Amino acid sequence: MLFLLRKIRRKLLSKKNKVTSYLLYAIGEIFLVVIGILIAVSINNLNERIKGRELELKYLKNIKLDLEKDIKLLRSVVDFRKEKLKACEVILQQMRKEKEADLSDLSKSVRVMIFEWQFVPVNTTFMELSSSGNLNIISNDSTKVLLLELQNLYNENDGSVAHETFDYREYISKPMLQEVNLDLLRPIYDGDMTVEEAGLTTDDFHNLMQSTAYRNGVGIIKAMSMKFIERYQEIQLKSEEVISLINREIEIR
């Protein structure tokens, strides 16, 4: 196209009316400059869009990796919470004297109650995007909304963890350290010894089962474990949705 325009300008200059020819030549030069600028701007914009898309895909892939790690951890933490729920029920039944608990089950359940394990998300990529103000680099609004909803769930989880940690240390840890020899429970929990081999009897748990603080603590941990399981399952579902959306983005690259 540029070659054609230059050829036309040369023909105009070869004509007799020099003033008109020079005027047309000048207009042609301006036109060529404008066309050149527009082409350069278009190429530059295209390059910027390509770079932006590549950066977006890089962040999306990193977010996907973070979420996959989260899902793996969530499954383990949910299993742990379910184990705690069973332990709570065994202890509460013993406290309410609904039925005489199996001494081995009771020993293992009391041991389970001392463990703490909380879900901490691997959301470093999202936090990097959010803190740098670059969250808009994610072009898919559905992905962005789900990530923000996940962040809200993380914040709720942090508050619940802080609350449970206080209750645990006040109502579970203190009574147990005062009333039970935890060293005797460890080999039973690990399966290295039976209660008979350890020499344990129901009397070893009598004071703990009579503790009002411990009873309240077990009730709190049971209620909170149910809430945690519900929240963690919701986080897992949203995480899987985000991964599905990211996979589509990667496929249509």
# chains A, B, ... in the order shown; residues from 1 in each chain; ligands from 1

call {"tool": "residues_around", "arguments": {"residues": "Ser104 in chain A", "least_positions_apart": "5", "cutoff": "9 Å", "atoms": "only C-alpha atoms", "output": "JSON, numbers by chain"}}
result
{"A": [109, 188, 189, 194, 195]}

call {"tool": "select_by_dssp", "arguments": {"residues": "range 3-239 of chain A", "states": "helix (DSSP H, G or I)", "output": "VMD selection string"}}
result
chain A and resid 3 to 13 18 to 96 103 to 113 124 to 132 135 to 137 141 to 179 182 to 190 195 to 198 203 to 210 212 to 239

call {"tool": "closest_residue", "arguments": {"among": "A:Phe115, A:Tyr214, A:Asn136, A:Pro121", "to": "Gln151 in chain A", "atoms": "only C-alpha atoms"}}
result
A:Pro121

call {"tool": "closest_residue", "arguments": {"among": "A:Val120, A:Ile27, A:Ala223, A:Leu185", "to": "Leu74 in chain A", "atoms": "only C-alpha atoms"}}
result
A:Val120

call {"tool": "closest_residue", "arguments": {"among": "A:Met113, A:Ile235, A:Leu103, A:Val180", "to": "Lys72 in chain A", "atoms": "only C-alpha atoms"}}
result
A:Ile235

call {"tool": "atom_distance", "arguments": {"atom1": "CA of Ser131 in chain A", "atom2": "CA of Trp117 in chain A"}}
result
27.8 Å

call {"tool": "residues_around", "arguments": {"residues": "Asn140 in chain A", "least_positions_apart": "5", "cutoff": "12 Å", "atoms": "only C-alpha atoms", "output": "PDB file with all heavy atoms, in the first residue's frame"}}
result
ATOM      1  N   ARG A  53      -2.117 -10.933  28.428  1.00  0.00           N
ATOM      2  CA  ARG A  53      -2.742 -12.247  28.455  1.00  0.00           C
ATOM      3  C   ARG A  53      -1.780 -13.300  28.990  1.00  0.00           C
ATOM      4  O   ARG A  53      -2.172 -14.176  29.779  1.00  0.00           O
ATOM      5  CB  ARG A  53      -3.191 -12.627  27.036  1.00  0.00           C
ATOM      6  CG  ARG A  53      -3.859 -13.984  26.918  1.00  0.00           C
ATOM      7  CD  ARG A  53      -5.097 -14.084  27.749  1.00  0.00           C
ATOM      8  NE  ARG A  53      -5.810 -15.335  27.499  1.00  0.00           N
ATOM      9  CZ  ARG A  53      -6.747 -15.820  28.289  1.00  0.00           C
ATOM     10  NH1 ARG A  53      -7.092 -15.153  29.390  1.00  0.00           N
ATOM     11  NH2 ARG A  53      -7.352 -16.952  27.992  1.00  0.00           N
ATOM     12  N   GLU A  56      -1.603 -12.834  32.668  1.00  0.00           N
ATOM     13  CA  GLU A  56      -2.840 -13.327  33.288  1.00  0.00           C
ATOM     14  C   GLU A  56      -2.797 -14.848  33.407  1.00  0.00           C
ATOM     15  O   GLU A  56      -3.117 -15.413  34.467  1.00  0.00           O
ATOM     16  CB  GLU A  56      -4.051 -12.906  32.463  1.00  0.00           C
ATOM     17  CG  GLU A  56      -5.364 -13.434  33.043  1.00  0.00           C
ATOM     18  CD  GLU A  56      -6.555 -13.174  32.130  1.00  0.00           C
ATOM     19  OE1 GLU A  56      -6.346 -12.680  31.010  1.00  0.00           O
ATOM     20  OE2 GLU A  56      -7.684 -13.484  32.551  1.00  0.00           O
ATOM     21  N   LEU A  57      -2.404 -15.519  32.335  1.00  0.00           N
ATOM     22  CA  LEU A  57      -2.340 -16.978  32.356  1.00  0.00           C
ATOM     23  C   LEU A  57      -1.322 -17.492  33.379  1.00  0.00           C
ATOM     24  O   LEU A  57      -1.539 -18.511  34.031  1.00  0.00           O
ATOM     25  CB  LEU A  57      -1.996 -17.510  30.962  1.00  0.00           C
ATOM     26  CG  LEU A  57      -3.105 -17.396  29.911  1.00  0.00           C
ATOM     27  CD1 LEU A  57      -2.580 -17.756  28.533  1.00  0.00           C
ATOM     28  CD2 LEU A  57      -4.302 -18.267  30.277  1.00  0.00           C
ATOM     29  N   LEU A  60      -3.035 -17.177  36.701  1.00  0.00           N
ATOM     30  CA  LEU A  60      -4.097 -18.174  36.811  1.00  0.00           C
ATOM     31  C   LEU A  60      -3.529 -19.567  37.091  1.00  0.00           C
ATOM     32  O   LEU A  60      -4.072 -20.319  37.902  1.00  0.00           O
ATOM     33  CB  LEU A  60      -4.930 -18.204  35.525  1.00  0.00           C
ATOM     34  CG  LEU A  60      -5.860 -17.001  35.297  1.00  0.00           C
ATOM     35  CD1 LEU A  60      -6.511 -17.095  33.927  1.00  0.00           C
ATOM     36  CD2 LEU A  60      -6.921 -16.901  36.385  1.00  0.00           C
ATOM     37  N   LEU A 135      -5.588  -7.076  40.606  1.00  0.00           N
ATOM     38  CA  LEU A 135      -6.615  -8.114  40.532  1.00  0.00           C
ATOM     39  C   LEU A 135      -7.402  -8.043  39.223  1.00  0.00           C
ATOM     40  O   LEU A 135      -7.892  -9.061  38.723  1.00  0.00           O
ATOM     41  CB  LEU A 135      -7.578  -7.991  41.713  1.00  0.00           C
ATOM     42  CG  LEU A 135      -8.532  -9.160  41.963  1.00  0.00           C
ATOM     43  CD1 LEU A 135      -7.764 -10.462  42.137  1.00  0.00           C
ATOM     44  CD2 LEU A 135      -9.400  -8.898  43.176  1.00  0.00           C
ATOM     45  N   VAL A 145     -14.963 -13.187  41.023  1.00  0.00           N
ATOM     46  CA  VAL A 145     -15.974 -13.207  42.087  1.00  0.00           C
ATOM     47  C   VAL A 145     -15.757 -14.404  43.021  1.00  0.00           C
ATOM     48  O   VAL A 145     -15.807 -14.268  44.246  1.00  0.00           O
ATOM     49  CB  VAL A 145     -17.394 -13.258  41.479  1.00  0.00           C
ATOM     50  CG1 VAL A 145     -18.434 -13.587  42.547  1.00  0.00           C
ATOM     51  CG2 VAL A 145     -17.738 -11.920  40.820  1.00  0.00           C
ATOM     52  N   LEU A 146     -15.489 -15.573  42.445  1.00  0.00           N
ATOM     53  CA  LEU A 146     -15.259 -16.769  43.263  1.00  0.00           C
ATOM     54  C   LEU A 146     -14.022 -16.623  44.140  1.00  0.00           C
ATOM     55  O   LEU A 146     -14.013 -17.057  45.297  1.00  0.00           O
ATOM     56  CB  LEU A 146     -15.121 -17.998  42.367  1.00  0.00           C
ATOM     57  CG  LEU A 146     -16.427 -18.592  41.816  1.00  0.00           C
ATOM     58  CD1 LEU A 146     -16.128 -19.664  40.783  1.00  0.00           C
ATOM     59  CD2 LEU A 146     -17.278 -19.171  42.937  1.00  0.00           C
ATOM     60  N   LEU A 147     -12.985 -16.013  43.603  1.00  0.00           N
ATOM     61  CA  LEU A 147     -11.760 -15.800  44.383  1.00  0.00           C
ATOM     62  C   LEU A 147     -12.021 -14.862  45.556  1.00  0.00           C
ATOM     63  O   LEU A 147     -11.499 -15.066  46.661  1.00  0.00           O
ATOM     64  CB  LEU A 147     -10.655 -15.241  43.484  1.00  0.00           C
ATOM     65  CG  LEU A 147     -10.006 -16.246  42.521  1.00  0.00           C
ATOM     66  CD1 LEU A 147      -9.096 -15.520  41.540  1.00  0.00           C
ATOM     67  CD2 LEU A 147      -9.224 -17.303  43.285  1.00  0.00           C
ATOM     68  N   VAL A 242     -13.263 -22.718  40.700  1.00  0.00           N
ATOM     69  CA  VAL A 242     -12.233 -21.806  40.171  1.00  0.00           C
ATOM     70  C   VAL A 242     -11.271 -22.581  39.265  1.00  0.00           C
ATOM     71  O   VAL A 242     -10.914 -22.110  38.178  1.00  0.00           O
ATOM     72  CB  VAL A 242     -11.463 -21.114  41.311  1.00  0.00           C
ATOM     73  CG1 VAL A 242     -10.298 -20.293  40.737  1.00  0.00           C
ATOM     74  CG2 VAL A 242     -12.385 -20.201  42.099  1.00  0.00           C
ATOM     75  N   LEU A 245     -12.821 -23.178  35.917  1.00  0.00           N
ATOM     76  CA  LEU A 245     -12.819 -21.964  35.088  1.00  0.00           C
ATOM     77  C   LEU A 245     -11.422 -21.659  34.549  1.00  0.00           C
ATOM     78  O   LEU A 245     -11.263 -21.265  33.387  1.00  0.00           O
ATOM     79  CB  LEU A 245     -13.333 -20.776  35.905  1.00  0.00           C
ATOM     80  CG  LEU A 245     -14.828 -20.763  36.236  1.00  0.00           C
ATOM     81  CD1 LEU A 245     -15.157 -19.638  37.214  1.00  0.00           C
ATOM     82  CD2 LEU A 245     -15.663 -20.626  34.970  1.00  0.00           C
ATOM     83  N   ILE A 246     -10.421 -21.857  35.386  1.00  0.00           N
ATOM     84  CA  ILE A 246      -9.037 -21.610  34.962  1.00  0.00           C
ATOM     85  C   ILE A 246      -8.641 -22.592  33.859  1.00  0.00           C
ATOM     86  O   ILE A 246      -7.980 -22.203  32.886  1.00  0.00           O
ATOM     87  CB  ILE A 246      -8.071 -21.714  36.166  1.00  0.00           C
ATOM     88  CG1 ILE A 246      -8.269 -20.519  37.101  1.00  0.00           C
ATOM     89  CG2 ILE A 246      -6.610 -21.769  35.687  1.00  0.00           C
ATOM     90  CD1 ILE A 246      -7.465 -20.589  38.383  1.00  0.00           C
ATOM     91  N   ARG A 248     -10.518 -23.856  31.633  1.00  0.00           N
ATOM     92  CA  ARG A 248     -11.125 -23.388  30.380  1.00  0.00           C
ATOM     93  C   ARG A 248     -10.326 -22.233  29.790  1.00  0.00           C
ATOM     94  O   ARG A 248     -10.126 -22.149  28.576  1.00  0.00           O
ATOM     95  CB  ARG A 248     -12.569 -22.936  30.632  1.00  0.00           C
ATOM     96  CG  ARG A 248     -13.533 -24.077  30.863  1.00  0.00           C
ATOM     97  CD  ARG A 248     -14.934 -23.548  31.061  1.00  0.00           C
ATOM     98  NE  ARG A 248     -15.662 -24.398  31.988  1.00  0.00           N
ATOM     99  CZ  ARG A 248     -16.780 -24.033  32.581  1.00  0.00           C
ATOM    100  NH1 ARG A 248     -17.288 -22.835  32.361  1.00  0.00           N
ATOM    101  NH2 ARG A 248     -17.413 -24.859  33.405  1.00  0.00           N
ATOM    102  N   GLU A 249      -9.880 -21.313  30.659  1.00  0.00           N
ATOM    103  CA  GLU A 249      -9.084 -20.179  30.198  1.00  0.00           C
ATOM    104  C   GLU A 249      -7.780 -20.648  29.548  1.00  0.00           C
ATOM    105  O   GLU A 249      -7.354 -20.123  28.539  1.00  0.00           O
ATOM    106  CB  GLU A 249      -8.773 -19.247  31.377  1.00  0.00           C
ATOM    107  CG  GLU A 249      -9.945 -18.448  31.902  1.00  0.00           C
ATOM    108  CD  GLU A 249     -10.356 -17.350  30.940  1.00  0.00           C
ATOM    109  OE1 GLU A 249      -9.475 -16.712  30.337  1.00  0.00           O
ATOM    110  OE2 GLU A 249     -11.577 -17.145  30.775  1.00  0.00           O
ATOM    111  N   ILE A 250      -7.173 -21.650  30.167  1.00  0.00           N
ATOM    112  CA  ILE A 250      -5.896 -22.166  29.642  1.00  0.00           C
ATOM    113  C   ILE A 250      -6.116 -22.856  28.299  1.00  0.00           C
ATOM    114  O   ILE A 250      -5.309 -22.732  27.385  1.00  0.00           O
ATOM    115  CB  ILE A 250      -5.265 -23.147  30.655  1.00  0.00           C
ATOM    116  CG1 ILE A 250      -4.853 -22.377  31.927  1.00  0.00           C
ATOM    117  CG2 ILE A 250      -4.043 -23.832  30.062  1.00  0.00           C
ATOM    118  CD1 ILE A 250      -4.421 -23.265  33.075  1.00  0.00           C
TER     119      ILE A 250
END
